[in-house]
$ cat structure_10.txt   # compact mmCIF, C-alpha atoms
# COMPACT_ATOMS: atom_id res chain seq x y z
CA MET A 1 93.00 148.59 105.90
CA MET A 2 91.38 145.20 105.29
CA ASP A 3 93.46 144.65 102.12
CA SER A 4 96.64 145.58 104.00
CA THR A 5 95.89 143.07 106.74
CA ILE A 6 95.15 140.32 104.21
CA ASN A 7 98.39 141.07 102.34
CA MET A 8 100.37 140.96 105.59
CA LYS A 9 98.89 137.55 106.43
CA LYS A 10 99.66 136.24 102.95
CA GLY A 11 103.20 137.56 103.18
CA LYS A 12 103.70 135.84 106.54
CA SER A 13 102.27 132.59 105.16
CA TYR A 14 104.69 132.66 102.21
CA GLU A 15 107.58 133.43 104.55
CA ILE A 16 106.69 130.48 106.79
CA LEU A 17 106.35 128.20 103.76
CA LEU A 18 109.76 129.23 102.42
CA LYS A 19 111.32 128.42 105.79
CA LYS A 20 109.60 125.05 105.91
CA LEU A 21 110.59 123.91 102.42
CA PRO A 22 114.30 123.17 103.16
CA LEU A 23 113.36 121.18 106.26
CA ALA A 24 110.70 119.26 104.33
CA LEU A 25 113.25 118.51 101.62
CA ALA A 26 115.70 117.27 104.28
CA GLY A 27 112.98 114.88 105.42
CA VAL A 28 112.50 113.59 101.87
CA ILE A 29 116.27 113.09 101.53
CA LEU A 30 116.24 110.92 104.66
CA VAL A 31 113.27 108.95 103.32
CA GLY A 32 115.14 108.30 100.06
CA PHE A 33 118.30 107.22 101.87
CA GLY A 34 116.26 105.03 104.20
CA LEU A 35 114.53 103.23 101.33
CA ALA A 36 117.87 102.67 99.61
CA PHE A 37 119.52 101.24 102.73
CA ASN A 38 116.55 98.97 103.45
CA SER A 39 116.72 97.63 99.90
CA ALA A 40 120.50 97.18 100.12
CA GLY A 41 120.15 95.35 103.45
CA MET A 42 118.02 92.68 101.75
CA LEU A 43 115.96 92.04 104.88
CA GLY A 44 112.68 93.24 103.43
CA ASN A 45 110.98 96.60 102.95
CA ASP A 46 108.06 98.50 104.40
CA ALA A 47 104.69 98.01 102.69
CA VAL A 48 104.95 100.77 100.07
CA ALA A 49 108.61 99.98 99.36
CA VAL A 50 107.60 96.35 98.71
CA LEU A 51 105.33 97.73 95.99
CA TYR A 52 108.15 99.87 94.56
CA ASP A 53 110.51 96.89 94.63
CA GLY A 54 107.91 94.61 93.05
CA VAL A 55 107.29 96.99 90.16
CA ARG A 56 111.07 97.28 89.70
CA SER A 57 111.43 93.51 89.62
CA GLY A 58 108.44 93.07 87.34
CA LEU A 59 109.89 95.55 84.85
CA GLY A 60 113.20 93.71 84.92
CA PHE A 61 115.28 96.57 86.34
CA GLN A 62 118.29 96.14 88.63
CA VAL A 63 118.11 97.16 92.31
CA ASP A 64 119.99 100.40 91.67
CA LYS A 65 117.09 101.53 89.45
CA LEU A 66 114.67 101.52 92.38
CA GLY A 67 114.72 105.32 92.46
CA LEU A 68 113.60 105.56 88.84
CA VAL A 69 110.77 103.10 89.44
CA THR A 70 109.72 104.95 92.61
CA ASN A 71 109.33 108.15 90.61
CA PHE A 72 107.27 106.25 88.02
CA VAL A 73 104.91 104.79 90.66
CA ASN A 74 104.55 108.14 92.44
CA VAL A 75 103.61 109.87 89.19
CA ILE A 76 100.85 107.28 88.74
CA PHE A 77 99.66 107.91 92.31
CA LEU A 78 99.73 111.66 91.65
CA ALA A 79 97.57 111.18 88.55
CA ILE A 80 95.09 109.06 90.52
CA VAL A 81 94.80 111.66 93.28
CA PHE A 82 94.56 114.51 90.75
CA ILE A 83 91.69 112.80 88.96
CA GLY A 84 89.99 111.64 92.16
CA LYS A 85 90.25 114.71 94.39
CA ARG A 86 92.84 117.29 93.49
CA LYS A 87 92.42 119.14 96.80
CA TYR A 88 94.78 116.54 98.29
CA ILE A 89 97.57 117.77 96.01
CA ASN A 90 99.65 120.80 97.01
CA ILE A 91 103.27 121.90 97.08
CA GLY A 92 104.26 119.34 99.71
CA THR A 93 103.04 116.52 97.47
CA PHE A 94 105.43 117.53 94.69
CA ILE A 95 108.34 118.19 97.07
CA TYR A 96 107.94 114.62 98.33
CA ALA A 97 107.17 112.80 95.10
CA LEU A 98 109.32 114.34 92.38
CA PRO A 99 112.83 114.20 93.91
CA LEU A 100 112.37 111.03 96.01
CA GLY A 101 113.64 108.67 93.32
CA ASN A 102 116.81 110.72 92.86
CA PHE A 103 117.51 110.63 96.60
CA ILE A 104 117.06 106.84 96.59
CA SER A 105 119.69 106.59 93.86
CA ILE A 106 122.04 108.82 95.86
CA GLY A 107 121.32 106.66 98.90
CA PHE A 108 122.57 103.57 97.06
CA LYS A 109 125.80 105.42 96.20
CA LEU A 110 126.20 106.42 99.84
CA TYR A 111 125.74 102.81 100.88
CA GLU A 112 128.46 101.74 98.45
CA MET A 113 130.82 104.43 99.78
CA LEU A 114 130.37 103.20 103.35
CA ASN A 115 131.42 99.71 102.24
CA LEU A 116 129.43 97.98 104.98
CA PRO A 117 130.04 94.21 105.29
CA ALA A 118 127.66 91.86 103.47
CA THR A 119 127.46 89.59 106.52
CA LEU A 120 124.21 89.11 108.42
CA GLY A 121 125.43 91.57 111.02
CA GLY A 122 126.28 94.10 108.33
CA ARG A 123 122.87 93.66 106.70
CA ILE A 124 121.14 94.12 110.06
CA LEU A 125 123.14 97.34 110.59
CA THR A 126 122.27 98.53 107.08
CA SER A 127 118.55 97.84 107.53
CA SER A 128 118.58 99.43 111.01
CA LEU A 129 120.12 102.59 109.58
CA GLY A 130 117.54 102.44 106.79
CA CYS A 131 114.62 102.27 109.22
CA ILE A 132 116.02 105.07 111.38
CA MET A 133 116.44 107.37 108.38
CA LEU A 134 113.04 106.40 106.99
CA PHE A 135 111.21 107.08 110.28
CA LEU A 136 113.08 110.34 110.84
CA GLY A 137 112.41 111.52 107.29
CA VAL A 138 108.69 110.77 107.31
CA GLY A 139 108.33 112.24 110.81
CA ILE A 140 110.05 115.48 109.80
CA PHE A 141 108.01 115.77 106.59
CA ILE A 142 104.74 115.28 108.46
CA ALA A 143 105.76 117.87 111.06
CA MET A 144 106.20 120.45 108.29
CA ASP A 145 102.45 120.26 107.62
CA ILE A 146 102.74 121.44 104.01
CA GLY A 147 100.88 118.58 102.35
CA MET A 148 100.73 114.84 102.01
CA ASP A 149 102.77 112.41 99.95
CA PRO A 150 101.12 110.68 96.94
CA CYS A 151 100.58 107.40 98.82
CA THR A 152 98.75 109.17 101.63
CA GLY A 153 96.68 110.97 99.02
CA VAL A 154 95.58 107.61 97.60
CA VAL A 155 94.75 106.39 101.12
CA MET A 156 92.61 109.49 101.68
CA LEU A 157 90.77 108.80 98.42
CA MET A 158 90.11 105.25 99.57
CA ARG A 159 88.86 106.53 102.91
CA ASP A 160 86.46 108.91 101.16
CA LYS A 161 85.15 106.18 98.85
CA MET A 162 84.68 103.78 101.78
CA ASN A 163 83.15 106.44 104.02
CA GLY A 164 85.35 104.91 106.68
CA GLN A 165 88.33 105.76 108.85
CA TYR A 166 91.88 106.54 107.75
CA ARG A 167 93.22 103.59 109.75
CA SER A 168 91.04 101.10 107.84
CA ALA A 169 91.95 102.59 104.46
CA LYS A 170 95.65 102.58 105.38
CA ILE A 171 95.57 98.91 106.38
CA ILE A 172 93.86 97.97 103.10
CA PHE A 173 96.34 100.08 101.11
CA ASP A 174 99.33 98.47 102.85
CA ILE A 175 97.96 94.95 102.35
CA CYS A 176 97.34 95.64 98.66
CA SER A 177 100.82 97.15 98.29
CA ILE A 178 102.43 94.08 99.86
CA LEU A 179 100.37 91.62 97.82
CA ILE A 180 100.96 93.39 94.51
CA GLY A 181 104.62 94.03 95.25
CA PHE A 182 105.28 90.47 96.43
CA THR A 183 103.48 89.03 93.39
CA PHE A 184 105.89 90.85 91.08
CA GLY A 185 108.97 89.97 93.11
CA GLY A 186 109.13 92.58 95.88
CA LYS A 187 111.20 91.56 98.90
CA LEU A 188 109.46 90.69 102.16
CA GLY A 189 111.39 90.10 105.35
CA ALA A 190 112.07 91.12 108.92
CA VAL A 191 111.92 94.82 108.07
CA THR A 192 108.41 94.36 106.66
CA VAL A 193 107.23 92.89 109.96
CA VAL A 194 109.10 95.38 112.14
CA THR A 195 107.85 98.44 110.26
CA ALA A 196 104.28 97.10 110.37
CA PHE A 197 104.37 97.22 114.18
CA ILE A 198 106.60 100.18 115.05
CA ALA A 199 106.63 102.53 112.05
CA GLY A 200 103.38 104.32 112.91
CA PRO A 201 104.09 104.99 116.61
CA ALA A 202 107.76 105.85 115.93
CA ILE A 203 106.96 108.31 113.12
CA GLN A 204 104.22 109.97 115.17
CA LYS A 205 106.56 110.41 118.15
CA ILE A 206 109.37 111.80 115.97
CA SER A 207 106.94 114.22 114.34
CA GLU A 208 105.68 115.46 117.72
CA ILE A 209 109.18 115.88 119.16
CA PHE A 210 110.43 117.69 116.06
CA ASP A 211 107.43 120.01 116.14
CA LYS A 212 107.79 120.80 119.85
CA THR A 213 111.56 121.35 119.75
CA VAL A 214 113.01 122.41 116.40
CA LEU A 215 109.93 123.99 114.81
CA ARG A 216 108.85 125.79 117.96
CA ARG A 217 112.29 127.39 118.28
CA LEU A 218 112.03 128.52 114.66
CA ASN A 219 108.47 129.80 115.22
CA LEU A 220 107.24 127.28 112.65
CA SER A 221 105.38 124.98 115.00
CA LYS A 222 101.77 124.08 114.19
CA ILE A 223 100.99 125.06 117.76
CA SER A 224 102.53 128.52 117.38
CA ASP A 225 100.89 129.01 113.96
$ encode --input "structure_10.txt" --output "structure tokens"
Amino acid sequence: MMDSTINMKKGKSYEILLKKLPLALAGVILVGFGLAFNSAGMLGNDAVAVLYDGVRSGLGFQVDKLGLVTNFVNVIFLAIVFIGKRKYINIGTFIYALPLGNFISIGFKLYEMLNLPATLGGRILTSSLGCIMLFLGVGIFIAMDIGMDPCTGVVMLMRDKMNGQYRSAKIIFDICSILIGFTFGGKLGAVTVVTAFIAGPAIQKISEIFDKTVLRRLNLSKISD
């Protein structure tokens, strides 16, 4: 009887996970598109994207190779987390990290298809769309509650080493990302400032709303679990 109950719980857990995976992947797609649009808008990037862009520039790659470089950086982050504390790595980590670069590349192609004007107004529109997609994507992925992205895994390692709070480790990580990225040629700008102030609250709100509406209706909400 005990074994039967355990098997039923495991079966339900796998079923819930399988239902969450497509939604989590949709979130990653939006993140990739958002990063591509922000880069194409040339008004700066969020902290981690500044690092991606800086590594790209330092390696001498064109902007359209940002996806490839993002995959390269995320693999390094994955290795760091695996060596430091592999408990922070699970299926969600790979779903976020491995295809993200490809979705960034597709995002650049989508931007080209839309043929948005290269004027200041067009760049503001492009970057605004980028931020919206980025916030939505991260918010949806977090709501899935199937694991953390490689960057968050590194932040958690830093928090553990510092015996401090996540907020402090995140601030240090973002500052280091900006400094390293900018040193190698990463683009800073209005988007960098805007995301520093509104990204956290916006992503948290999106995650909460998505959990309470979409996931609850699908019986996938963390509350209903």
$ residues_around --input "structure_10.txt" --residues "region 187-203 of chain A" --least-positions-apart "4" --cutoff "8 Å" --atoms "all atoms listed in the file" --output "count of residues only"
19
$ residues_around --input "structure_10.txt" --residues "region 92-94 of chain A" --least-positions-apart "3" --cutoff "10 Å" --atoms "all atoms listed in the file" --output "ChimeraX atom specification"
/A:17,20-21,24-25,74-75,78,88-89,97-100,141-142,144-153
$ atom_distance --input "structure_10.txt" --atom1 "CA of Val214 (chain A)" --atom2 "CA of Met156 (chain A)"
28.3 Å
$ axis_aligned_box --input "structure_10.txt" --around "region 39-54 of chain A" --padding-each-side "3 Å" --output "AutoDock Vina command-line options"
--center_x 112.6 --center_y 96.4 --center_z 99.0 --size_x 21.8 --size_y 14.7 --size_z 17.8
$ residues_around --input "structure_10.txt" --residues "Met133 (chain A)" --least-positions-apart "2" --cutoff "8 Å" --atoms "only C-alpha atoms" --output "number ranges by chain"
A: 30-31, 33-34, 129-131, 135-137
$ write_last_selection --input "structure_10.txt" --atoms "C-alpha atoms" --output "PDB file, in the coordinates of the input"
ATOM      1  CA  LEU A  30     116.240 110.920 104.660  1.00  0.00           C
ATOM      2  CA  VAL A  31     113.270 108.950 103.320  1.00  0.00           C
ATOM      3  CA  PHE A  33     118.300 107.220 101.870  1.00  0.00           C
ATOM      4  CA  GLY A  34     116.260 105.030 104.200  1.00  0.00           C
ATOM      5  CA  LEU A 129     120.120 102.590 109.580  1.00  0.00           C
ATOM      6  CA  GLY A 130     117.540 102.440 106.790  1.00  0.00           C
ATOM      7  CA  CYS A 131     114.620 102.270 109.220  1.00  0.00           C
ATOM      8  CA  PHE A 135     111.210 107.080 110.280  1.00  0.00           C
ATOM      9  CA  LEU A 136     113.080 110.340 110.840  1.00  0.00           C
ATOM     10  CA  GLY A 137     112.410 111.520 107.290  1.00  0.00           C
TER      11      GLY A 137
END
$ atom_distance --input "structure_10.txt" --atom1 "CA of Phe108 (chain A)" --atom2 "CA of Leu179 (chain A)"
25.2 Å
$ atom_distance --input "structure_10.txt" --atom1 "CA of Gly67 (chain A)" --atom2 "CA of Ile132 (chain A)"
19.0 Å
$ closest_residue --input "structure_10.txt" --among "A:Tyr111, A:Phe210, A:Tyr166, A:Phe82" --to "Gly32 (chain A)" --atoms "only C-alpha atoms"
A:Tyr111
$ residues_around --input "structure_10.txt" --residues "Leu157 (chain A)" --least-positions-apart "2" --cutoff "8 Å" --atoms "only C-alpha atoms" --output "PyMOL selection string"
chain A and resi 81+84-85+153-155+159-161
$ write_last_selection --input "structure_10.txt" --atoms "C-alpha atoms" --output "PDB file, in the frame of the given file"
ATOM      1  CA  VAL A  81      94.800 111.660  93.280  1.00  0.00           C
ATOM      2  CA  GLY A  84      89.990 111.640  92.160  1.00  0.00           C
ATOM      3  CA  LYS A  85      90.250 114.710  94.390  1.00  0.00           C
ATOM      4  CA  GLY A 153      96.680 110.970  99.020  1.00  0.00           C
ATOM      5  CA  VAL A 154      95.580 107.610  97.600  1.00  0.00           C
ATOM      6  CA  VAL A 155      94.750 106.390 101.120  1.00  0.00           C
ATOM      7  CA  ARG A 159      88.860 106.530 102.910  1.00  0.00           C
ATOM      8  CA  ASP A 160      86.460 108.910 101.160  1.00  0.00           C
ATOM      9  CA  LYS A 161      85.150 106.180  98.850  1.00  0.00           C
TER      10      LYS A 161
END
$ closest_residue --input "structure_10.txt" --among "A:Tyr52, A:Gly58, A:Ile16, A:Val63" --to "Phe77 (chain A)" --atoms "only C-alpha atoms"
A:Tyr52
$ residues_near_point --input "structure_10.txt" --point "(125.4, 103.7, 96.4)" --cutoff "12 Å" --atoms "only C-alpha atoms" --output "list in words"
Gly32, Phe33, Leu35, Ala36, Phe37, Ser39, Ala40, Val63, Asp64, Lys65, Leu66, Gly67, Asn102, Phe103, Ile104, Ser105, Ile106, Gly107, Phe108, Lys109, Leu110, Tyr111, Glu112, Met113, Leu114, Asn115 and Leu116 of chain A
$ write_last_selection --input "structure_10.txt" --atoms "C-alpha atoms" --output "PDB file, in the coordinates of the input"
ATOM      1  CA  GLY A  32     115.140 108.300 100.060  1.00  0.00           C
ATOM      2  CA  PHE A  33     118.300 107.220 101.870  1.00  0.00           C
ATOM      3  CA  LEU A  35     114.530 103.230 101.330  1.00  0.00           C
ATOM      4  CA  ALA A  36     117.870 102.670  99.610  1.00  0.00           C
ATOM      5  CA  PHE A  37     119.520 101.240 102.730  1.00  0.00           C
ATOM      6  CA  SER A  39     116.720  97.630  99.900  1.00  0.00           C
ATOM      7  CA  ALA A  40     120.500  97.180 100.120  1.00  0.00           C
ATOM      8  CA  VAL A  63     118.110  97.160  92.310  1.00  0.00           C
ATOM      9  CA  ASP A  64     119.990 100.400  91.670  1.00  0.00           C
ATOM     10  CA  LYS A  65     117.090 101.530  89.450  1.00  0.00           C
ATOM     11  CA  LEU A  66     114.670 101.520  92.380  1.00  0.00           C
ATOM     12  CA  GLY A  67     114.720 105.320  92.460  1.00  0.00           C
ATOM     13  CA  ASN A 102     116.810 110.720  92.860  1.00  0.00           C
ATOM     14  CA  PHE A 103     117.510 110.630  96.600  1.00  0.00           C
ATOM     15  CA  ILE A 104     117.060 106.840  96.590  1.00  0.00           C
ATOM     16  CA  SER A 105     119.690 106.590  93.860  1.00  0.00           C
ATOM     17  CA  ILE A 106     122.040 108.820  95.860  1.00  0.00           C
ATOM     18  CA  GLY A 107     121.320 106.660  98.900  1.00  0.00           C
ATOM     19  CA  PHE A 108     122.570 103.570  97.060  1.00  0.00           C
ATOM     20  CA  LYS A 109     125.800 105.420  96.200  1.00  0.00           C
ATOM     21  CA  LEU A 110     126.200 106.420  99.840  1.00  0.00           C
ATOM     22  CA  TYR A 111     125.740 102.810 100.880  1.00  0.00           C
ATOM     23  CA  GLU A 112     128.460 101.740  98.450  1.00  0.00           C
ATOM     24  CA  MET A 113     130.820 104.430  99.780  1.00  0.00           C
ATOM     25  CA  LEU A 114     130.370 103.200 103.350  1.00  0.00           C
ATOM     26  CA  ASN A 115     131.420  99.710 102.240  1.00  0.00           C
ATOM     27  CA  LEU A 116     129.430  97.980 104.980  1.00  0.00           C
TER      28      LEU A 116
END
$ closest_residue --input "structure_10.txt" --among "A:Val28, A:Tyr96, A:Val48, A:Thr70" --to "Ile172 (chain A)" --atoms "all atoms listed in the file"
A:Val48
$ residues_near_point --input "structure_10.txt" --point "(109.9, 127.9, 110.8)" --cutoff "8 Å" --atoms "all atoms listed in the file" --output "JSON, numbers by chain"
{"A": [16, 17, 19, 20, 215, 216, 217, 218, 219, 220, 221]}
